[in-house]
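What follows is coords_12.txt (compact mmCIF, C-alpha atoms).
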# COMPACT_ATOMS: atom_id res chain seq x y z
CA MET W 30 13.29 88.31 -21.22
CA ILE W 31 10.11 90.31 -21.96
CA SER W 32 12.07 93.52 -22.36
CA ASN W 33 14.22 91.72 -24.97
CA GLU W 34 11.15 90.52 -26.80
CA LYS W 35 9.74 94.00 -26.72
CA SER W 36 12.93 95.43 -28.13
CA GLU W 37 12.84 92.79 -30.87
CA ARG W 38 9.32 94.06 -31.68
CA LEU W 39 7.49 90.82 -31.08
CA ILE W 40 5.52 92.35 -28.25
CA GLU W 41 4.21 95.89 -28.42
CA ASP W 42 3.69 96.30 -24.70
CA TYR W 43 3.10 94.19 -21.60
CA ALA W 44 2.36 94.18 -17.88
CA ILE W 45 2.35 91.65 -15.07
CA GLY W 46 -1.14 90.91 -13.75
CA ASP W 47 -3.22 88.38 -11.79
CA GLY W 48 -1.54 86.72 -8.77
CA VAL W 49 1.96 88.14 -9.02
CA GLY W 50 0.56 91.54 -10.00
CA THR W 51 -1.73 91.47 -6.96
CA MET W 52 1.16 90.49 -4.73
CA TYR W 53 2.98 93.72 -5.61
CA TYR W 54 0.34 95.46 -3.45
CA THR W 55 -0.49 92.77 -0.91
CA GLU W 56 1.09 90.18 1.34
CA PRO W 57 2.71 87.17 -0.40
CA ILE W 58 0.16 84.71 -1.81
CA THR W 59 0.44 81.25 -3.31
CA THR W 60 0.83 81.59 -7.05
CA TYR W 61 1.85 78.82 -9.41
CA ASP W 62 2.63 80.94 -12.43
CA LEU W 63 3.38 84.42 -13.68
CA ASP W 64 0.73 85.87 -16.00
CA ILE W 65 2.03 88.42 -18.47
CA PHE W 66 -0.61 90.30 -20.44
CA ILE W 67 0.63 91.43 -23.82
CA THR W 68 -0.35 93.54 -26.78
CA ILE W 69 0.95 92.63 -30.20
CA LYS W 70 1.90 94.97 -33.01
CA ASN W 71 -0.02 93.38 -35.89
CA GLU W 72 -3.18 92.75 -33.87
CA GLY W 73 -6.51 93.52 -35.52
CA GLN W 74 -5.85 91.40 -38.57
CA GLY W 75 -8.06 88.50 -37.53
CA ILE W 76 -6.35 85.60 -35.77
CA ILE W 77 -3.57 86.59 -33.36
CA LEU W 78 -0.57 84.36 -33.82
CA LEU W 79 1.79 83.91 -30.90
CA THR W 80 4.01 81.61 -32.94
CA PRO W 81 6.78 84.21 -33.49
CA ILE W 82 7.02 84.75 -29.71
CA PHE W 83 7.09 81.02 -29.00
CA GLU W 84 9.69 80.49 -31.73
CA TYR W 85 11.81 83.30 -30.34
CA LEU W 86 11.73 81.79 -26.84
CA LYS W 87 12.43 78.30 -28.17
CA ASN W 88 15.46 79.59 -30.06
CA LYS W 89 16.69 81.28 -26.89
CA GLY W 90 16.61 77.86 -25.22
CA TYR W 91 13.65 78.35 -22.88
CA LYS W 92 11.82 75.16 -21.93
CA TRP W 93 8.07 74.65 -22.13
CA SER W 94 5.61 72.90 -19.87
CA GLY W 95 2.11 72.84 -21.35
CA GLU W 96 1.06 76.42 -21.94
CA HIS W 97 3.88 77.86 -19.84
CA VAL W 98 7.42 78.83 -20.66
CA ILE W 99 9.75 78.08 -17.76
CA LEU W 100 11.80 81.06 -16.68
CA ASP W 101 14.17 80.58 -13.71
CA GLY W 102 12.02 77.61 -12.71
CA TYR W 103 8.90 79.78 -12.75
CA PRO W 104 6.08 78.97 -15.22
CA VAL W 105 5.19 82.04 -17.27
CA GLN W 106 2.00 82.38 -19.31
CA PHE W 107 1.42 84.95 -22.04
CA ILE W 108 -2.12 86.24 -22.34
CA VAL W 109 -3.23 88.45 -25.22
CA ALA W 110 -4.94 91.43 -23.62
CA ASN W 111 -8.62 92.34 -24.06
CA ASP W 112 -9.75 95.99 -23.97
CA LEU W 113 -9.72 96.32 -20.18
CA GLU W 114 -6.35 94.61 -19.94
CA LYS W 115 -4.97 96.83 -22.72
CA ASP W 116 -6.03 99.84 -20.69
CA ALA W 117 -4.25 98.31 -17.68
CA ILE W 118 -1.07 97.78 -19.72
CA LYS W 119 -1.19 101.35 -21.00
CA ASN W 120 -1.44 102.66 -17.43
CA ALA W 121 0.87 100.11 -15.80
CA ARG W 122 3.52 101.05 -13.29
CA ASP W 123 7.22 100.84 -14.04
CA ILE W 124 8.97 98.81 -11.38
CA THR W 125 12.36 97.16 -10.92
CA TYR W 126 12.65 93.45 -10.19
CA GLN W 127 16.12 92.12 -9.42
CA GLY W 128 17.65 95.12 -11.13
CA VAL W 129 15.56 94.71 -14.29
CA LYS W 130 12.92 97.23 -15.31
CA THR W 131 9.48 95.72 -15.78
CA LYS W 132 5.80 96.72 -15.57
CA VAL W 133 3.02 95.78 -13.21
CA MET W 134 -0.66 96.64 -13.57
CA GLY W 135 -1.98 99.32 -11.23
CA PRO W 136 -4.13 98.20 -8.27
CA GLU W 137 -7.31 99.84 -9.62
CA HIS W 138 -7.06 98.06 -12.97
CA LEU W 139 -6.19 94.80 -11.23
CA ILE W 140 -9.35 95.09 -9.14
CA ALA W 141 -11.44 95.62 -12.29
CA ILE W 142 -9.83 92.67 -14.11
CA LEU W 143 -10.23 90.38 -11.09
CA LEU W 144 -13.86 91.45 -10.66
CA LYS W 145 -14.53 90.70 -14.30
CA ALA W 146 -12.98 87.22 -13.94
CA GLY W 147 -15.11 86.79 -10.83
CA ARG W 148 -13.87 83.42 -9.53
CA GLY W 149 -13.64 82.89 -5.78
CA LYS W 150 -9.86 83.29 -5.80
CA ASP W 151 -10.17 86.50 -7.84
CA ILE W 152 -12.61 88.04 -5.38
CA LEU W 153 -10.27 87.11 -2.55
CA LYS W 154 -7.49 89.04 -4.29
CA VAL W 155 -9.80 92.06 -4.73
CA ARG W 156 -10.49 92.04 -1.00
CA MET W 157 -6.79 91.74 -0.19
CA ILE W 158 -5.86 94.72 -2.35
CA LEU W 159 -8.63 96.84 -0.84
CA GLU W 160 -7.61 95.87 2.68
CA GLN W 161 -3.85 96.13 2.35
CA TYR W 162 -3.23 98.95 -0.11
CA THR W 163 -4.46 102.51 -0.40
CA ILE W 164 -6.15 102.73 -3.76
CA ASP W 165 -7.22 105.80 -5.70
CA ASP W 166 -11.02 105.70 -5.32
CA LYS W 167 -11.73 108.16 -8.12
CA ARG W 168 -9.56 106.23 -10.52
CA LEU W 169 -11.16 102.93 -9.52
CA TYR W 170 -14.73 104.20 -9.97
CA LYS W 171 -13.82 105.65 -13.35
CA ILE W 172 -12.54 102.25 -14.51
CA LEU W 173 -15.47 100.37 -12.96
CA THR W 174 -17.91 102.70 -14.70
CA ARG W 175 -16.16 102.48 -18.06
CA TYR W 176 -16.24 98.68 -18.00
CA LYS W 177 -19.66 98.34 -16.35
CA LEU W 178 -18.35 96.67 -13.21
CA ARG W 179 -19.85 98.89 -10.51
CA GLU W 180 -22.65 96.45 -9.71
CA LYS W 181 -20.16 93.61 -9.29
CA TYR W 182 -18.00 95.81 -7.08
CA LYS W 183 -21.00 96.66 -4.91
CA LYS W 184 -21.85 92.98 -4.50
CA VAL W 185 -18.31 92.05 -3.53
CA THR W 186 -17.56 94.91 -1.17
CA GLY W 187 -21.00 95.97 0.00
CA ASN W 188 -19.83 99.48 -0.81
CA ALA W 189 -22.88 101.55 -1.64
CA ASN W 190 -20.68 104.12 -3.39
CA GLY W 191 -19.50 101.50 -5.87
CA MET S 22 -17.99 88.30 29.85
CA ASP S 23 -19.46 88.84 26.39
CA SER S 24 -17.79 92.20 26.11
CA LYS S 25 -14.44 90.64 27.11
CA ILE S 26 -14.77 88.05 24.34
CA LYS S 27 -15.75 90.79 21.91
CA GLU S 28 -12.75 92.84 23.00
CA GLU S 29 -10.40 89.87 22.58
CA ARG S 30 -11.80 89.05 19.14
CA GLN S 31 -11.34 92.68 18.14
CA ARG S 32 -7.74 92.61 19.39
CA ILE S 33 -6.92 89.45 17.41
CA PHE S 34 -8.63 90.77 14.30
CA THR S 35 -6.84 94.11 14.44
CA GLY S 36 -3.55 92.34 15.11
CA LYS S 37 -4.11 90.16 12.06
CA LYS S 38 -4.81 93.20 9.91
CA ILE S 39 -1.59 94.87 11.05
CA TYR S 40 0.34 91.64 10.42
CA HIS S 41 -1.03 91.30 6.88
CA LYS S 42 -0.33 94.97 6.13
CA LYS S 43 3.26 94.55 7.33
CA LEU S 44 3.71 91.56 5.03
CA ALA S 45 2.30 93.65 2.19
CA GLU S 46 5.11 96.13 2.74
CA LEU S 47 7.87 93.57 2.13
CA PRO S 48 10.05 94.13 -0.95
CA PHE S 49 8.55 92.59 -4.11
CA GLU S 50 11.54 90.24 -4.54
CA GLU S 51 11.00 88.92 -1.02
CA LYS S 52 7.28 88.38 -1.66
CA ILE S 53 8.04 86.41 -4.83
CA LYS S 54 10.45 84.17 -2.89
CA ILE S 55 7.83 83.51 -0.19
CA SER S 56 5.15 82.88 -2.82
CA ARG S 57 7.30 80.33 -4.61
CA ARG S 58 7.96 78.55 -1.33
CA LEU S 59 4.23 78.53 -0.58
CA ALA S 60 3.52 77.09 -4.03
CA LYS S 61 6.09 74.33 -3.53
CA VAL S 62 4.56 73.37 -0.18
CA ALA S 63 1.05 73.40 -1.66
CA LYS S 64 2.19 71.25 -4.58
CA ASN S 65 3.84 68.73 -2.23
CA ILE S 66 0.68 68.48 -0.14
CA LYS S 67 -1.44 67.98 -3.27
CA GLU S 68 0.85 65.20 -4.50
CA ARG S 69 0.69 63.29 -1.21
This structure in structure tokens:
Amino acid sequence: MISNEKSERLIEDYAIGDGVGTMYYTEPITTYDLDIFITIKNEGQGIILLTPIFEYLKNKGYKWSGEHVILDGYPVQFIVANDLEKDAIKNARDITYQGVKTKVMGPEHLIAILLKAGRGKDILKVRMILEQYTIDDKRLYKILTRYKLREKYKKVTGNANG
Amino acid sequence: MDSKIKEERQRIFTGKKIYHKKLAELPFEEKIKISRRLAKVAKNIKER
């Protein structure tokens, strides 16, 4: 669905993040929706309108529930990316899900985004990624430094090198 | 006795770590399926 939207030029680029993104690197976790971070072509002109995307999906027959579009019974939420998330999209990994090519944020960017969000459940995901996946330390520290998140990282992990 | 308890705790903890790491190695499709099942169960419990 997203690849179609991308090809129809409604979405410039995208990547899966948050719970489902985390789960690519960790054990299965309880997630109620799929968060897709997007960048839009005509962004930077003031208000970002998602109406064309919503119209496109409506015309394709997708159903809505609140802020989610229901895809194969799974609620999907579109989130317009901030600078850190844009960086994550730019550096996302190409993966295949059920034979379809898609993109998932890298573990280092996910850690930074989750740290920035900073809720209890986000911190839990950070710990899971660190415990269950081998991350690129240099890459992580570079991102943490760029987005001023090293202090937060230190607090969460107790890692003096943060 | 204390050292035996410590040893046992360590064994359980290490075992748990290995178990979680093994789950993390499941194919993504399989993880999504499990996650959706977990969400359904959680939703049912909440609605009770």
Students should find that CA of Tyr91 in chain W and CA of Lys64 in chain S are spaced 22.7 Å
Of W:Phe83, W:Tyr162, W:Tyr176, W:Phe66, the one nearest to chain S when counting only C-alpha atoms is W:Tyr162
Requested in this report: Please determine the residues with any atom at most 10 Å from (9.4, 89.9, -4.4) (coordinates as given in the file, with all atoms listed in the file counting) and report them as a list in words.
Outcome: Val49, Met52, Tyr53, Pro57, Tyr126 and Gln127 of chain W; Leu47, Pro48, Phe49, Glu50, Glu51, Lys52, Ile53, Lys54, Ile55, Ser56 and Arg57 of chain S
- Message: One number please: CA of Lys43 in chain S to CA of Gly46 in chain W, in Å, one decimal.
- Response: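 Value for the CA of Lys43 in chain S-CA of Gly46 in chain W distance: 21.8 Å.
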Inset, instruction - Write down, as an MDAnalysis selection string, each residue of chain W that has any atom within 6 Å of an atom of chain S, counting only C-alpha atoms. - result: chainID W and resid 53 55:59 61 161
Write the residues you've just listed into a file as a PDB file, in the frame of the given file, and include C-alpha atoms for each of them.
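What ended up in selection.pdb:
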ATOM      1  CA  TYR W  53       2.980  93.720  -5.610  1.00  0.00           C
ATOM      2  CA  THR W  55      -0.490  92.770  -0.910  1.00  0.00           C
ATOM      3  CA  GLU W  56       1.090  90.180   1.340  1.00  0.00           C
ATOM      4  CA  PRO W  57       2.710  87.170  -0.400  1.00  0.00           C
ATOM      5  CA  ILE W  58       0.160  84.710  -1.810  1.00  0.00           C
ATOM      6  CA  THR W  59       0.440  81.250  -3.310  1.00  0.00           C
ATOM      7  CA  TYR W  61       1.850  78.820  -9.410  1.00  0.00           C
ATOM      8  CA  GLN W 161      -3.850  96.130   2.350  1.00  0.00           C
TER       9      GLN W 161
END
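If you measure from each of W:Ile118, W:Ile45, W:Met134, W:Ile158 to Gln106 in chain W using only C-alpha atoms, the closest one turns out to be W:Ile45.
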As an exercise, work out the distance from CA of Asp64 in chain W to CA of Lys37 in chain S in Å and give it to one decimal place.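 Pair CA of Asp64 in chain W / CA of Lys37 in chain S returns 28.8 Å.
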- Message: For a quick check of understanding, using only C-alpha atoms, which of W:Arg168, W:Lys115, W:His97, W:Lys70 has the smallest distance to Ile40 in chain W?
- Response: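 Counting only C-alpha atoms, the residue closest to Ile40 in chain W is W:Lys70.
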Review point. Between W:Leu86, W:Val109, W:Leu39, W:Ile65, which one has atoms that come closest to Lys132 in chain W, using only C-alpha atoms?
Key: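 Closest residue, counting only C-alpha atoms: W:Ile65.
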Pick from W:Lys145, W:Lys87, W:Arg175, W:Lys150, whichever lies nearest to Asp116 in chain W using all atoms listed in the file: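 Selected residue with least distance to Asp116 in chain W: W:Arg175.
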